[in-house]
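A.B. asks: Provided below: coords-v3.cif, containing mmCIF, C-alpha atoms and all ligand atoms.
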```cif
data_my_file
loop_
_atom_site.label_atom_id
_atom_site.label_comp_id
_atom_site.auth_asym_id
_atom_site.auth_seq_id
_atom_site.Cartn_x
_atom_site.Cartn_y
_atom_site.Cartn_z
CA MET E 253 0.00 0.00 0.00
CA ASN E 254 1.02 3.64 -0.47
CA ILE E 255 0.72 5.24 2.93
CA LEU E 256 0.82 8.96 3.64
CA VAL E 257 2.25 9.45 7.12
CA THR E 258 1.63 12.91 8.61
CA GLY E 259 4.01 13.84 11.41
CA GLY E 260 6.25 10.98 10.32
CA ALA E 261 9.48 12.62 11.49
CA GLY E 262 8.23 12.60 15.09
CA TYR E 263 8.63 10.00 17.84
CA ILE E 264 5.72 7.66 17.15
CA GLY E 265 5.52 8.25 13.40
CA SER E 266 9.20 7.42 12.85
CA HIS E 267 8.96 4.08 14.66
CA THR E 268 5.77 3.22 12.82
CA ILE E 269 7.36 3.97 9.45
CA ILE E 270 10.02 1.31 10.10
CA GLU E 271 7.29 -1.24 10.73
CA LEU E 272 5.42 -0.17 7.58
CA LEU E 273 8.54 -0.30 5.40
CA GLU E 274 9.44 -3.71 6.79
CA GLU E 275 5.96 -4.95 5.85
CA GLY E 276 6.61 -3.83 2.25
CA HIS E 277 4.54 -0.63 2.17
CA GLU E 278 5.59 2.58 0.41
CA VAL E 279 5.74 5.60 2.70
CA ILE E 280 5.29 9.29 1.93
CA VAL E 281 5.94 11.61 4.86
CA VAL E 282 4.49 15.08 5.41
CA ASP E 283 5.90 16.99 8.37
CA ASN E 284 6.58 20.66 9.05
CA LEU E 285 9.45 19.67 11.41
CA SER E 286 8.00 21.95 14.12
CA ASN E 287 8.85 19.32 16.75
CA SER E 288 11.17 16.96 14.94
CA SER E 289 14.21 16.60 12.78
CA ARG E 290 14.90 15.45 9.24
CA GLU E 291 17.66 13.32 10.79
CA SER E 292 15.08 10.81 12.07
CA LEU E 293 14.09 10.10 8.47
CA VAL E 294 17.72 9.70 7.39
CA ARG E 295 18.21 7.17 10.17
CA ILE E 296 15.06 5.24 9.23
CA GLN E 297 16.49 4.85 5.74
CA ASN E 298 19.78 3.62 7.25
CA ILE E 299 17.98 1.07 9.41
CA THR E 300 15.66 -0.25 6.71
CA GLN E 301 17.76 0.40 3.59
CA LYS E 302 14.51 1.61 2.02
CA ASN E 303 13.53 4.97 0.61
CA ILE E 304 10.99 7.39 2.02
CA THR E 305 9.52 10.32 0.11
CA PHE E 306 9.57 13.39 2.36
CA HIS E 307 7.67 16.66 1.99
CA GLU E 308 8.48 19.42 4.46
CA LEU E 309 5.03 20.94 4.60
CA ASP E 310 2.52 22.25 7.08
CA LEU E 311 -0.68 20.23 6.80
CA ARG E 312 -2.62 23.47 6.84
CA ASP E 313 -1.09 24.30 3.45
CA ARG E 314 -4.04 23.07 1.40
CA ASP E 315 -2.48 23.69 -2.02
CA GLY E 316 0.77 21.96 -1.08
CA LEU E 317 -1.10 19.01 0.38
CA SER E 318 -3.36 18.77 -2.68
CA THR E 319 -0.31 18.56 -4.92
CA ILE E 320 1.00 15.65 -2.87
CA PHE E 321 -2.30 13.79 -3.24
CA ASP E 322 -2.43 14.65 -6.92
CA THR E 323 1.04 13.30 -7.65
CA ASN E 324 0.92 10.16 -5.48
CA ASP E 325 -1.50 7.27 -5.54
CA ILE E 326 -2.28 7.26 -1.82
CA ASP E 327 -4.27 4.35 -0.37
CA VAL E 328 -4.26 5.15 3.35
CA VAL E 329 -3.35 8.05 5.63
CA MET E 330 -1.80 7.68 9.08
CA HIS E 331 -2.30 10.97 10.87
CA PHE E 332 0.26 11.56 13.63
CA ALA E 333 0.86 15.27 13.04
CA GLY E 334 -0.11 17.50 15.92
CA LEU E 335 1.13 19.40 18.93
CA LYS E 336 1.14 17.23 22.05
CA ALA E 337 2.42 18.99 25.17
CA VAL E 338 -0.34 19.20 27.78
CA GLY E 339 1.20 22.07 29.80
CA GLU E 340 1.99 24.12 26.72
CA SER E 341 -1.56 23.62 25.48
CA VAL E 342 -2.90 25.35 28.59
CA ILE E 343 -0.69 28.38 27.94
CA LYS E 344 -1.17 28.42 24.16
CA ALA E 345 -4.70 27.07 23.85
CA LEU E 346 -5.59 28.91 20.65
CA HIS E 347 -2.38 27.77 18.98
CA TYR E 348 -3.19 24.15 19.88
CA TYR E 349 -6.76 24.35 18.58
CA GLN E 350 -5.57 26.13 15.46
CA ASN E 351 -2.78 23.69 14.65
CA ASN E 352 -4.40 20.40 15.58
CA LEU E 353 -7.91 21.12 14.32
CA GLU E 354 -7.07 23.02 11.17
CA ALA E 355 -4.38 20.51 10.17
CA SER E 356 -6.87 17.66 10.60
CA MET E 357 -9.72 19.47 8.83
CA THR E 358 -7.52 20.39 5.87
CA LEU E 359 -6.25 16.82 5.65
CA LEU E 360 -9.79 15.40 5.69
CA GLU E 361 -11.02 17.82 3.04
CA VAL E 362 -8.11 17.06 0.74
CA MET E 363 -8.59 13.33 1.31
CA LYS E 364 -12.25 13.73 0.31
CA THR E 365 -11.33 15.65 -2.83
CA PHE E 366 -8.96 12.88 -3.90
CA ASP E 367 -11.29 10.07 -2.79
CA VAL E 368 -8.87 8.67 -0.19
CA LYS E 369 -11.10 7.48 2.64
CA LYS E 370 -9.00 5.26 4.87
CA LEU E 371 -7.44 6.85 7.92
CA VAL E 372 -5.70 5.86 11.15
CA PHE E 373 -5.67 8.66 13.72
CA SER E 374 -3.37 9.15 16.73
CA SER E 375 -5.68 9.64 19.67
CA SER E 376 -4.77 9.45 23.33
CA ALA E 377 -5.82 8.05 26.68
CA THR E 378 -6.07 11.68 27.67
CA VAL E 379 -9.60 11.68 26.14
CA TYR E 380 -10.79 9.78 29.23
CA GLY E 381 -9.70 12.50 31.69
CA ASP E 382 -9.86 11.27 35.30
CA PRO E 383 -11.18 7.70 35.01
CA GLU E 384 -14.39 6.78 36.80
CA ALA E 385 -13.49 3.09 36.66
CA LEU E 386 -10.38 1.06 35.86
CA PRO E 387 -9.22 -0.52 33.65
CA LEU E 388 -10.44 1.93 31.01
CA ILE E 389 -12.69 0.55 28.31
CA GLU E 390 -13.34 2.36 25.03
CA SER E 391 -16.92 3.25 25.94
CA ALA E 392 -15.88 4.92 29.21
CA CYS E 393 -16.93 8.51 29.84
CA LYS E 394 -14.77 11.04 27.97
CA GLN E 395 -13.83 14.34 29.56
CA ALA E 396 -10.61 15.96 28.45
CA THR E 397 -9.19 18.31 31.05
CA ASN E 398 -6.89 20.50 28.91
CA PRO E 399 -6.89 22.05 25.42
CA TYR E 400 -4.60 19.36 24.00
CA GLY E 401 -7.00 16.62 25.14
CA GLN E 402 -9.95 18.61 23.84
CA THR E 403 -8.40 18.68 20.36
CA LYS E 404 -8.17 14.88 20.43
CA LEU E 405 -11.79 14.56 21.54
CA MET E 406 -12.99 17.05 18.92
CA ILE E 407 -11.09 15.35 16.11
CA GLU E 408 -12.43 11.96 17.18
CA GLN E 409 -15.95 13.40 17.07
CA ILE E 410 -15.38 14.79 13.57
CA LEU E 411 -14.08 11.40 12.40
CA GLU E 412 -17.03 9.56 13.89
CA ASP E 413 -19.47 11.97 12.24
CA ILE E 414 -17.79 11.58 8.85
CA CYS E 415 -18.12 7.80 9.02
CA ALA E 416 -21.75 8.09 10.10
CA THR E 417 -22.82 10.53 7.42
CA GLN E 418 -20.61 10.10 4.36
CA GLU E 419 -20.09 7.15 2.07
CA ASP E 420 -17.16 4.77 2.16
CA TRP E 421 -14.97 6.20 4.91
CA SER E 422 -13.15 3.74 7.15
CA ILE E 423 -11.45 5.37 10.12
CA THR E 424 -9.76 4.01 13.22
CA SER E 425 -8.55 6.04 16.17
CA LEU E 426 -5.85 4.46 18.31
CA ARG E 427 -5.91 5.78 21.87
CA TYR E 428 -2.32 5.44 22.99
CA PHE E 429 -1.57 5.16 26.69
CA ASN E 430 2.01 6.18 27.66
CA PRO E 431 4.46 5.38 24.85
CA ILE E 432 8.06 4.80 25.95
CA GLY E 433 11.27 3.15 24.70
CA ALA E 434 13.04 3.31 21.39
CA HIS E 435 14.02 1.23 18.37
CA GLU E 436 16.41 -1.61 19.25
CA SER E 437 19.08 -0.18 16.91
CA GLY E 438 19.53 2.82 19.22
CA LEU E 439 19.32 5.01 16.13
CA ILE E 440 15.87 6.48 16.61
CA GLY E 441 13.99 7.42 19.77
CA GLU E 442 12.21 10.20 21.61
CA ASP E 443 14.00 13.55 21.31
CA PRO E 444 12.23 16.06 23.57
CA ASN E 445 12.96 19.76 23.21
CA GLY E 446 14.67 21.07 26.34
CA GLN E 447 13.90 19.50 29.71
CA PRO E 448 11.56 16.53 29.28
CA ASN E 449 8.02 16.71 30.67
CA ASN E 450 7.40 12.98 30.53
CA LEU E 451 8.67 10.59 33.16
CA VAL E 452 10.82 8.13 31.21
CA PRO E 453 12.85 10.64 29.16
CA TYR E 454 13.40 12.56 32.42
CA ILE E 455 14.62 9.44 34.23
CA ALA E 456 16.90 8.62 31.27
CA GLN E 457 18.52 12.06 31.47
CA VAL E 458 19.09 11.65 35.22
CA ALA E 459 20.62 8.21 34.64
CA VAL E 460 23.02 9.60 32.05
CA GLY E 461 23.97 12.53 34.30
CA LYS E 462 22.35 15.37 32.33
CA LEU E 463 19.86 16.08 35.15
CA ASP E 464 20.45 15.81 38.90
CA MET E 465 17.49 13.89 40.19
CA VAL E 466 13.99 12.77 39.31
CA LYS E 467 11.22 14.89 40.75
CA VAL E 468 8.48 12.51 41.83
CA PHE E 469 5.21 14.42 41.64
CA GLY E 470 3.28 13.29 44.70
CA LYS E 471 3.46 10.28 47.02
CA ASP E 472 0.02 10.64 48.52
CA TYR E 473 -2.13 9.20 45.74
CA ASP E 474 -4.49 6.32 46.39
CA THR E 475 -2.14 3.85 44.69
CA PRO E 476 -0.08 0.95 46.15
CA ASP E 477 3.04 3.08 46.81
CA GLY E 478 1.38 6.52 46.71
CA THR E 479 2.90 7.57 43.36
CA GLY E 480 1.04 7.95 40.06
CA VAL E 481 0.27 4.81 38.09
CA ARG E 482 0.28 4.66 34.27
CA ASP E 483 0.15 2.14 31.47
CA TYR E 484 3.53 2.39 29.71
CA ILE E 485 3.60 0.85 26.25
CA HIS E 486 6.74 0.07 24.26
CA ILE E 487 6.95 2.20 21.12
CA LEU E 488 7.54 -0.92 19.01
CA ASP E 489 4.28 -2.44 20.25
CA LEU E 490 2.58 0.81 19.34
CA ALA E 491 4.16 0.79 15.87
CA LYS E 492 2.93 -2.76 15.35
CA ALA E 493 -0.62 -1.72 16.31
CA HIS E 494 -0.65 0.65 13.32
CA ALA E 495 0.52 -1.98 10.85
CA THR E 496 -2.10 -4.38 12.22
CA THR E 497 -4.86 -1.77 11.98
CA LEU E 498 -4.15 -1.43 8.24
CA GLN E 499 -5.49 -4.92 7.74
CA HIS E 500 -8.82 -3.91 9.23
CA LEU E 501 -9.69 -0.83 7.19
CA ASP E 502 -11.74 -2.70 4.61
CA HIS E 503 -15.13 -2.08 6.17
CA PRO E 504 -16.59 1.15 4.81
CA ASN E 505 -18.74 3.46 6.94
CA VAL E 506 -17.12 2.21 10.10
CA TYR E 507 -15.52 4.31 12.81
CA LYS E 508 -13.62 2.41 15.49
CA ALA E 509 -11.53 3.46 18.48
CA TYR E 510 -9.14 1.16 20.33
CA ASN E 511 -7.12 1.41 23.52
CA ILE E 512 -3.45 0.75 22.80
CA GLY E 513 -1.91 -0.10 26.15
CA THR E 514 -0.58 -3.10 28.05
CA GLY E 515 -3.34 -3.33 30.64
CA LYS E 516 -0.75 -3.09 33.42
CA GLY E 517 -0.31 -0.12 35.75
CA ILE E 518 3.24 0.86 36.77
CA SER E 519 3.99 3.43 39.47
CA VAL E 520 6.61 6.17 39.27
CA LEU E 521 8.77 4.39 41.86
CA GLU E 522 8.43 1.07 40.01
CA MET E 523 9.54 2.80 36.82
CA ILE E 524 12.58 4.30 38.54
CA ALA E 525 13.50 0.85 39.87
CA ALA E 526 13.07 -0.76 36.42
CA PHE E 527 15.28 1.90 34.88
CA GLU E 528 17.94 1.44 37.55
CA LYS E 529 18.02 -2.25 36.69
CA ALA E 530 18.21 -1.63 32.93
CA SER E 531 20.91 1.02 33.20
CA GLY E 532 22.92 -0.27 36.14
CA LYS E 533 22.82 3.30 37.53
CA ILE E 534 21.51 4.61 40.82
CA ILE E 535 18.77 7.10 40.03
CA PRO E 536 18.34 9.69 42.77
CA TYR E 537 14.87 11.10 43.30
CA GLU E 538 13.02 13.52 45.54
CA ILE E 539 9.35 13.62 46.42
CA LEU E 540 7.59 16.86 45.50
CA ASP E 541 3.97 18.01 45.57
CA ARG E 542 1.52 16.64 43.05
CA ARG E 543 1.77 18.13 39.54
CA PRO E 544 -1.39 20.16 38.86
CA GLY E 545 -3.81 18.34 36.59
CA ASP E 546 -2.31 14.87 37.19
CA ILE E 547 -4.49 11.89 37.96
CA ALA E 548 -3.67 9.01 40.31
CA ASN E 549 -4.27 6.01 38.12
CA CYS E 550 -4.67 5.31 34.43
CA TYR E 551 -4.42 1.98 32.64
CA ALA E 552 -6.15 0.34 29.73
CA ASP E 553 -8.34 -2.61 29.14
CA PRO E 554 -6.72 -3.48 25.79
CA SER E 555 -8.92 -6.52 25.12
CA LEU E 556 -10.97 -4.94 22.32
CA ALA E 557 -7.83 -4.45 20.22
CA ARG E 558 -6.88 -8.07 20.90
CA THR E 559 -10.31 -9.43 19.96
CA GLU E 560 -11.01 -7.27 16.92
CA LEU E 561 -7.55 -6.45 15.56
CA GLY E 562 -5.54 -9.39 16.88
CA TRP E 563 -3.09 -6.90 18.41
CA TYR E 564 -1.63 -7.14 21.91
CA SER E 565 1.49 -5.78 23.58
CA GLU E 566 4.51 -8.05 23.77
CA TYR E 567 7.41 -6.02 25.17
CA THR E 568 8.07 -5.83 28.90
CA ILE E 569 8.80 -2.71 30.90
CA GLU E 570 12.39 -3.97 31.31
CA GLN E 571 12.82 -4.12 27.53
CA ALA E 572 11.36 -0.64 27.16
CA CYS E 573 13.80 0.74 29.78
CA ARG E 574 16.71 -1.07 28.15
CA ASP E 575 15.86 0.42 24.74
CA ALA E 576 15.26 3.93 26.14
CA TRP E 577 18.63 3.67 27.91
CA ARG E 578 20.46 2.57 24.75
CA TRP E 579 18.95 5.49 22.81
CA GLN E 580 19.89 7.93 25.59
CA CYS E 581 23.50 6.67 25.88
CA ASP E 582 24.13 6.56 22.13
CA ASN E 583 22.48 9.96 21.50
CA PRO E 584 23.07 12.21 24.51
CA ASP E 585 21.97 15.17 22.37
CA GLY E 586 19.19 13.32 20.55
CA TYR E 587 19.22 13.87 16.81
CA HIS E 588 21.82 16.62 17.25
CA THR E 589 24.36 13.97 18.26
CA PRO E 590 26.93 13.89 15.45
CA ALA E 591 26.68 10.74 13.37
CA ALA E 592 30.32 9.84 14.08
CA THR E 593 29.53 9.12 17.71
CA ILE E 594 26.69 6.71 17.01
P1 LIG E 601 5.95 14.33 17.94
O1 LIG E 601 5.86 15.77 18.30
O2 LIG E 601 7.25 13.65 18.09
O3 LIG E 601 5.44 14.12 16.43
C1 LIG E 601 4.42 14.91 15.87
C2 LIG E 601 4.91 15.44 14.53
O4 LIG E 601 3.93 16.26 13.92
C3 LIG E 601 6.18 16.29 14.66
O5 LIG E 601 7.17 15.76 13.81
C4 LIG E 601 5.74 17.69 14.21
O6 LIG E 601 6.79 18.39 13.55
C5 LIG E 601 4.57 17.36 13.30
N1 LIG E 601 3.56 18.42 13.15
C6 LIG E 601 2.89 19.10 14.12
N2 LIG E 601 2.01 19.96 13.58
C7 LIG E 601 2.11 19.83 12.23
C8 LIG E 601 1.48 20.46 11.13
N3 LIG E 601 0.56 21.42 11.29
N4 LIG E 601 1.83 20.08 9.87
C9 LIG E 601 2.78 19.13 9.68
N5 LIG E 601 3.41 18.51 10.68
C10 LIG E 601 3.09 18.85 11.95
O7 LIG E 601 4.82 13.57 18.76
P2 LIG E 601 4.58 12.00 18.93
O8 LIG E 601 4.88 11.66 20.34
O9 LIG E 601 5.23 11.25 17.84
O10 LIG E 601 3.00 11.96 18.76
C11 LIG E 601 2.39 11.64 17.53
C12 LIG E 601 0.88 11.75 17.71
O11 LIG E 601 0.47 10.87 18.76
C13 LIG E 601 0.41 13.14 18.11
O12 LIG E 601 -0.80 13.42 17.44
C14 LIG E 601 0.18 13.02 19.62
O13 LIG E 601 -0.80 13.91 20.05
C15 LIG E 601 -0.28 11.58 19.72
N6 LIG E 601 -0.04 10.99 21.05
C16 LIG E 601 1.22 11.04 21.59
C17 LIG E 601 1.45 10.50 22.85
C18 LIG E 601 2.81 10.57 23.50
O14 LIG E 601 2.90 10.44 24.72
N7 LIG E 601 3.89 10.73 22.75
C19 LIG E 601 0.39 9.87 23.54
C20 LIG E 601 -0.87 9.83 22.95
C21 LIG E 601 -1.07 10.40 21.69
C1 LIG E 602 3.65 9.90 34.13
C2 LIG E 602 3.66 9.82 35.65
C3 LIG E 602 3.53 11.97 36.72
C4 LIG E 602 7.35 13.41 35.18
C5 LIG E 602 1.19 12.65 29.36
C6 LIG E 602 0.03 13.37 28.74
C7 LIG E 602 -0.83 12.41 27.98
C8 LIG E 602 -0.04 11.58 26.99
C9 LIG E 602 1.19 10.99 27.60
C10 LIG E 602 -0.26 12.54 24.79
C11 LIG E 602 2.68 10.76 36.33
C12 LIG E 602 4.86 11.32 37.01
C13 LIG E 602 6.25 12.65 35.48
C14 LIG E 602 8.26 13.71 36.24
C15 LIG E 602 6.90 12.46 37.76
N1 LIG E 602 0.42 12.34 25.87
N2 LIG E 602 6.01 12.18 36.75
N3 LIG E 602 8.00 13.22 37.48
O1 LIG E 602 1.06 12.74 32.50
O2 LIG E 602 0.56 10.27 32.24
O3 LIG E 602 0.68 11.68 30.24
O4 LIG E 602 1.93 11.99 28.33
O5 LIG E 602 -1.38 12.24 24.51
O6 LIG E 602 -1.80 13.18 27.33
O7 LIG E 602 -0.70 13.99 29.78
O8 LIG E 602 2.76 11.18 31.44
O9 LIG E 602 5.17 10.84 31.63
O10 LIG E 602 4.22 13.12 32.14
O11 LIG E 602 3.79 11.24 33.73
O12 LIG E 602 6.70 12.05 38.89
O13 LIG E 602 9.28 14.41 36.05
O14 LIG E 602 4.96 10.23 36.11
O15 LIG E 602 3.07 12.65 37.84
O16 LIG E 602 2.22 10.12 37.49
P1 LIG E 602 1.19 11.51 31.73
P2 LIG E 602 4.05 11.65 32.18
#
```
Now, as a test, write the supplied structure out as structure tokens.
C.D. replies:
Amino acid sequence: MNILVTGGAGYIGSHTIIELLEEGHEVIVVDNLSNSSRESLVRIQNITQKNITFHELDLRDRDGLSTIFDTNDIDVVMHFAGLKAVGESVIKALHYYQNNLEASMTLLEVMKTFDVKKLVFSSSATVYGDPEALPLIESACKQATNPYGQTKLMIEQILEDICATQEDWSITSLRYFNPIGAHESGLIGEDPNGQPNNLVPYIAQVAVGKLDMVKVFGKDYDTPDGTGVRDYIHILDLAKAHATTLQHLDHPNVYKAYNIGTGKGISVLEMIAAFEKASGKIIPYEILDRRPGDIANCYADPSLARTELGWYSEYTIEQACRDAWRWQCDNPDGYHTPAATI
């Protein structure tokens, strides 16, 4: 298949592209590089020895996007492009709505014009807000608590409405839980700008000596050790979920949403311990107050994806920590690390 991957230079898109290329698909990437680097695409080509067509383009550029659809025979779109930082979305709400919604709307309109009606969308567990019951099932109440989450909810609603009201669309949203880890080669991984917001990249930078100690946000939650519990999913399991979903886009007029998680909750302290084991380093930490907006507990019931897609997670938390550690050690400055040192 010819697959258009939006946001393909980013963390999740880049790992998914490897999986798609290895399954024999052709990949065309559209990315404005607002939160990523061309280097990730170069490294994908080194890993796979396959070519990718890359267009540096903002998805909101309707004419540019139309030209790409006009000159390529696209079968399916995987839509990763979007801004994703929860805290930043609170400060720059309009920017988040503008970028995420307009990019998605423009993409959908251009797809319609060119009669491309198969789409896989990157959604998030954030659409569930503070869970009323655990594990989370897809039909659980949705209540995003920040502008970023709202954009995911709104886009999901748009996608559902399109499938319900227009002919021949087949759309699947994958609600990722907490993606972590990196490709086993150590050549691609998560490359946050500045100080990481997310737990595992932060731990990795403490382990490698770039940061002093992990700040544990709260030890008074109603969880087994008092720290926040999340469902951390290896990026390679997540990549595989996309390739698997492709095989299930043959039912027109169907909108589906699936939880993509492991089903297992891991606490902050458990994650620090797992990373210590993987890295062989002592990871100092301090307990701070809760981070505003955080929830105590969040983990998936991933059984719908297993039953309907045949997908389930296979990597362990130890493997994810090992791969995140390899990426961190080999690329202390992410994609800015000179190639000679990797
Ligand atoms: P990322 O920032 O690494 O990748 C997103 C890519 O989209 C970047 O390369 C960025 O340059 C590009 N982009 C943003 N706006 C664009 C636009 N208007 N036009 C063209 N390109 C644009 O993020 P990621 O972690 O790979 O996330 C991919 C998707 O998965 C996002 O939609 C994100 O919201 C979603 N998601 C991520 C997580 C997570 O924890 N990483 C969890 C759940 C859902
Ligand atoms: C995990 C746990 C923190 C950092 C976010 C987004 C979500 C999704 C994934 C896109 C929590 C604790 C963290 C630190 C800590 N992204 N923590 N010290 O908040 O579950 O999810 O990323 O869709 O929308 O909200 O992930 O990695 O930030 O936090 O103690 O330095 O680690 O309190 O319990 P989160 P996270």
A.B. asks: Please write out the residues within 9 Å of ligand LIG 602 (chain E) as a VMD selection string, counting only C-alpha atoms and all ligand atoms.
C.D. replies: chain E and resid 336 to 339 374 to 379 400 to 401 404 427 to 432 448 to 455 466 to 471 479 to 484 519 to 521 523 539 to 540 542 to 550
A.B. asks: Between E:Ile389, E:Val506, E:Leu371, E:Ala355, which one has atoms that come closest to ligand LIG 601 (chain E), using only C-alpha atoms and all ligand atoms?
C.D. replies: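 Ranking E:Ile389, E:Val506, E:Leu371, E:Ala355 by distance to ligand LIG 601 (chain E), first place goes to E:Ala355.
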A.B. asks: At a cut-off of 12 Å, using only C-alpha atoms, what residues contact stretch 318-322 of chain E? Leave out same-chain residues fewer than 2 positions from it and give the result as an mmCIF file with C-alpha atoms, keeping the file's coordinate frame.
C.D. replies:
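The file below, out-v4.cif, is the result:
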```cif
data_model
loop_
_atom_site.group_PDB
_atom_site.id
_atom_site.type_symbol
_atom_site.label_atom_id
_atom_site.label_comp_id
_atom_site.auth_asym_id
_atom_site.auth_seq_id
_atom_site.Cartn_x
_atom_site.Cartn_y
_atom_site.Cartn_z
ATOM 1 C CA ASN E 254 1.020 3.640 -0.470
ATOM 2 C CA ILE E 255 0.720 5.240 2.930
ATOM 3 C CA LEU E 256 0.820 8.960 3.640
ATOM 4 C CA VAL E 257 2.250 9.450 7.120
ATOM 5 C CA THR E 258 1.630 12.910 8.610
ATOM 6 C CA ILE E 280 5.290 9.290 1.930
ATOM 7 C CA VAL E 281 5.940 11.610 4.860
ATOM 8 C CA VAL E 282 4.490 15.080 5.410
ATOM 9 C CA THR E 305 9.520 10.320 0.110
ATOM 10 C CA PHE E 306 9.570 13.390 2.360
ATOM 11 C CA HIS E 307 7.670 16.660 1.990
ATOM 12 C CA GLU E 308 8.480 19.420 4.460
ATOM 13 C CA LEU E 309 5.030 20.940 4.600
ATOM 14 C CA ASP E 310 2.520 22.250 7.080
ATOM 15 C CA LEU E 311 -0.680 20.230 6.800
ATOM 16 C CA ARG E 312 -2.620 23.470 6.840
ATOM 17 C CA ASP E 313 -1.090 24.300 3.450
ATOM 18 C CA ARG E 314 -4.040 23.070 1.400
ATOM 19 C CA ASP E 315 -2.480 23.690 -2.020
ATOM 20 C CA GLY E 316 0.770 21.960 -1.080
ATOM 21 C CA ASN E 324 0.920 10.160 -5.480
ATOM 22 C CA ASP E 325 -1.500 7.270 -5.540
ATOM 23 C CA ILE E 326 -2.280 7.260 -1.820
ATOM 24 C CA ASP E 327 -4.270 4.350 -0.370
ATOM 25 C CA VAL E 328 -4.260 5.150 3.350
ATOM 26 C CA VAL E 329 -3.350 8.050 5.630
ATOM 27 C CA THR E 358 -7.520 20.390 5.870
ATOM 28 C CA LEU E 359 -6.250 16.820 5.650
ATOM 29 C CA LEU E 360 -9.790 15.400 5.690
ATOM 30 C CA GLU E 361 -11.020 17.820 3.040
ATOM 31 C CA VAL E 362 -8.110 17.060 0.740
ATOM 32 C CA MET E 363 -8.590 13.330 1.310
ATOM 33 C CA LYS E 364 -12.250 13.730 0.310
ATOM 34 C CA THR E 365 -11.330 15.650 -2.830
ATOM 35 C CA PHE E 366 -8.960 12.880 -3.900
ATOM 36 C CA ASP E 367 -11.290 10.070 -2.790
ATOM 37 C CA VAL E 368 -8.870 8.670 -0.190
#
```
A.B. asks: Can you tell me, as a PyMOL selection string, what residues are no more than 10 Å from E:Gln580 when counting all atoms listed in the file, ignoring any on the same chain fewer than 3 positions away?
C.D. replies: chain E and resi 433-434+438-443+453+456-457+459-460+574-577+583-586
A.B. asks: Go ahead and save the picked residues with C-alpha atoms, as a short mmCIF file (atom, residue, chain, number, x, y, z; two decimals), keeping the file's coordinate frame.
C.D. replies:
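Saved the output as part.cif:
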```cif
data_model
loop_
_atom_site.label_atom_id
_atom_site.label_comp_id
_atom_site.auth_asym_id
_atom_site.auth_seq_id
_atom_site.Cartn_x
_atom_site.Cartn_y
_atom_site.Cartn_z
CA GLY E 433 11.27 3.15 24.70
CA ALA E 434 13.04 3.31 21.39
CA GLY E 438 19.53 2.82 19.22
CA LEU E 439 19.32 5.01 16.13
CA ILE E 440 15.87 6.48 16.61
CA GLY E 441 13.99 7.42 19.77
CA GLU E 442 12.21 10.20 21.61
CA ASP E 443 14.00 13.55 21.31
CA PRO E 453 12.85 10.64 29.16
CA ALA E 456 16.90 8.62 31.27
CA GLN E 457 18.52 12.06 31.47
CA ALA E 459 20.62 8.21 34.64
CA VAL E 460 23.02 9.60 32.05
CA ARG E 574 16.71 -1.07 28.15
CA ASP E 575 15.86 0.42 24.74
CA ALA E 576 15.26 3.93 26.14
CA TRP E 577 18.63 3.67 27.91
CA ASN E 583 22.48 9.96 21.50
CA PRO E 584 23.07 12.21 24.51
CA ASP E 585 21.97 15.17 22.37
CA GLY E 586 19.19 13.32 20.55
#
```
A.B. asks: Closest to E:Gly265 among E:Gln447, E:Ile410, E:Cys393, E:Ala491, using all atoms listed in the file?
C.D. replies: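 Selected residue with least distance to E:Gly265: E:Ala491.
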A.B. asks: Which distance in Å separates atom CA of E:Glu390 and atom CA of E:Tyr510, to one decimal?
C.D. replies: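 Separating atom CA of E:Glu390 from atom CA of E:Tyr510 is a distance of 6.4 Å.
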A.B. asks: Between E:Asn511, E:Gln301, E:Asn505, E:Gln409, which has the minimum distance to ligand LIG 601 (chain E) (counting all atoms listed in the file)?
C.D. replies: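 Ranking E:Asn511, E:Gln301, E:Asn505, E:Gln409 by distance to ligand LIG 601 (chain E), first place goes to E:Asn511.
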A.B. asks: Kindly indicate which residue among E:Ile569, E:Cys581, E:Ala261, E:Ala509 lies nearest to E:Lys462, using all atoms listed in the file for the distances.
C.D. replies: E:Cys581
A.B. asks: Could you state the separation of atom CA of E:Leu272 and atom CA of E:Leu561 in Å, given to one decimal place?
C.D. replies: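 So the answer is 16.5 Å.
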A.B. asks: Please indicate the distance in Å from atom CA of E:Asp464 to atom CA of E:Ile535, rounded to one decimal place.
C.D. replies: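 The value is 8.9 Å.
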A.B. asks: From the set E:Glu560, E:Asp502, E:Glu354, E:Glu271, which residue has the shortest atom-to-atom contact distance to ligand LIG 601 (chain E), counting all atoms listed in the file?
C.D. replies: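 Using all atoms listed in the file, the shortest distance to ligand LIG 601 (chain E) belongs to E:Glu354.
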A.B. asks: Would you kindly return, as a PyMOL selection string, each protein, DNA or RNA residue with an atom no farther than 12 Å from any atom of E:Lys492, considering all atoms listed in the file and excluding same-chain residues fewer than 5 positions away?
C.D. replies: chain E and resi 264-265+267-275+426+485-487+497-499+512+557+561-567
A.B. asks: Using only C-alpha atoms, which residue out of E:Lys394, E:Arg295, E:His277, E:His435 lies closest to E:Arg578?
C.D. replies: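 Among E:Lys394, E:Arg295, E:His277, E:His435, it is E:His435 that comes nearest to E:Arg578.
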A.B. asks: Please provide as a PyMOL selection string all residues within 8 Å of E:Ser292, with the sequence filter that same-chain residues fewer than 2 positions apart are discarded (counting only C-alpha atoms).
C.D. replies: chain E and resi 261-262+266+288-290+294-296+440+587
A.B. asks: Env of E:Tyr551: 7 Å cut, atoms = all atoms listed in the file, seq-sep filter 5 positions within chain, self excluded. Answer as an MDAnalysis selection string.
C.D. replies: chainID E and resid 386:388 482:483 515:517
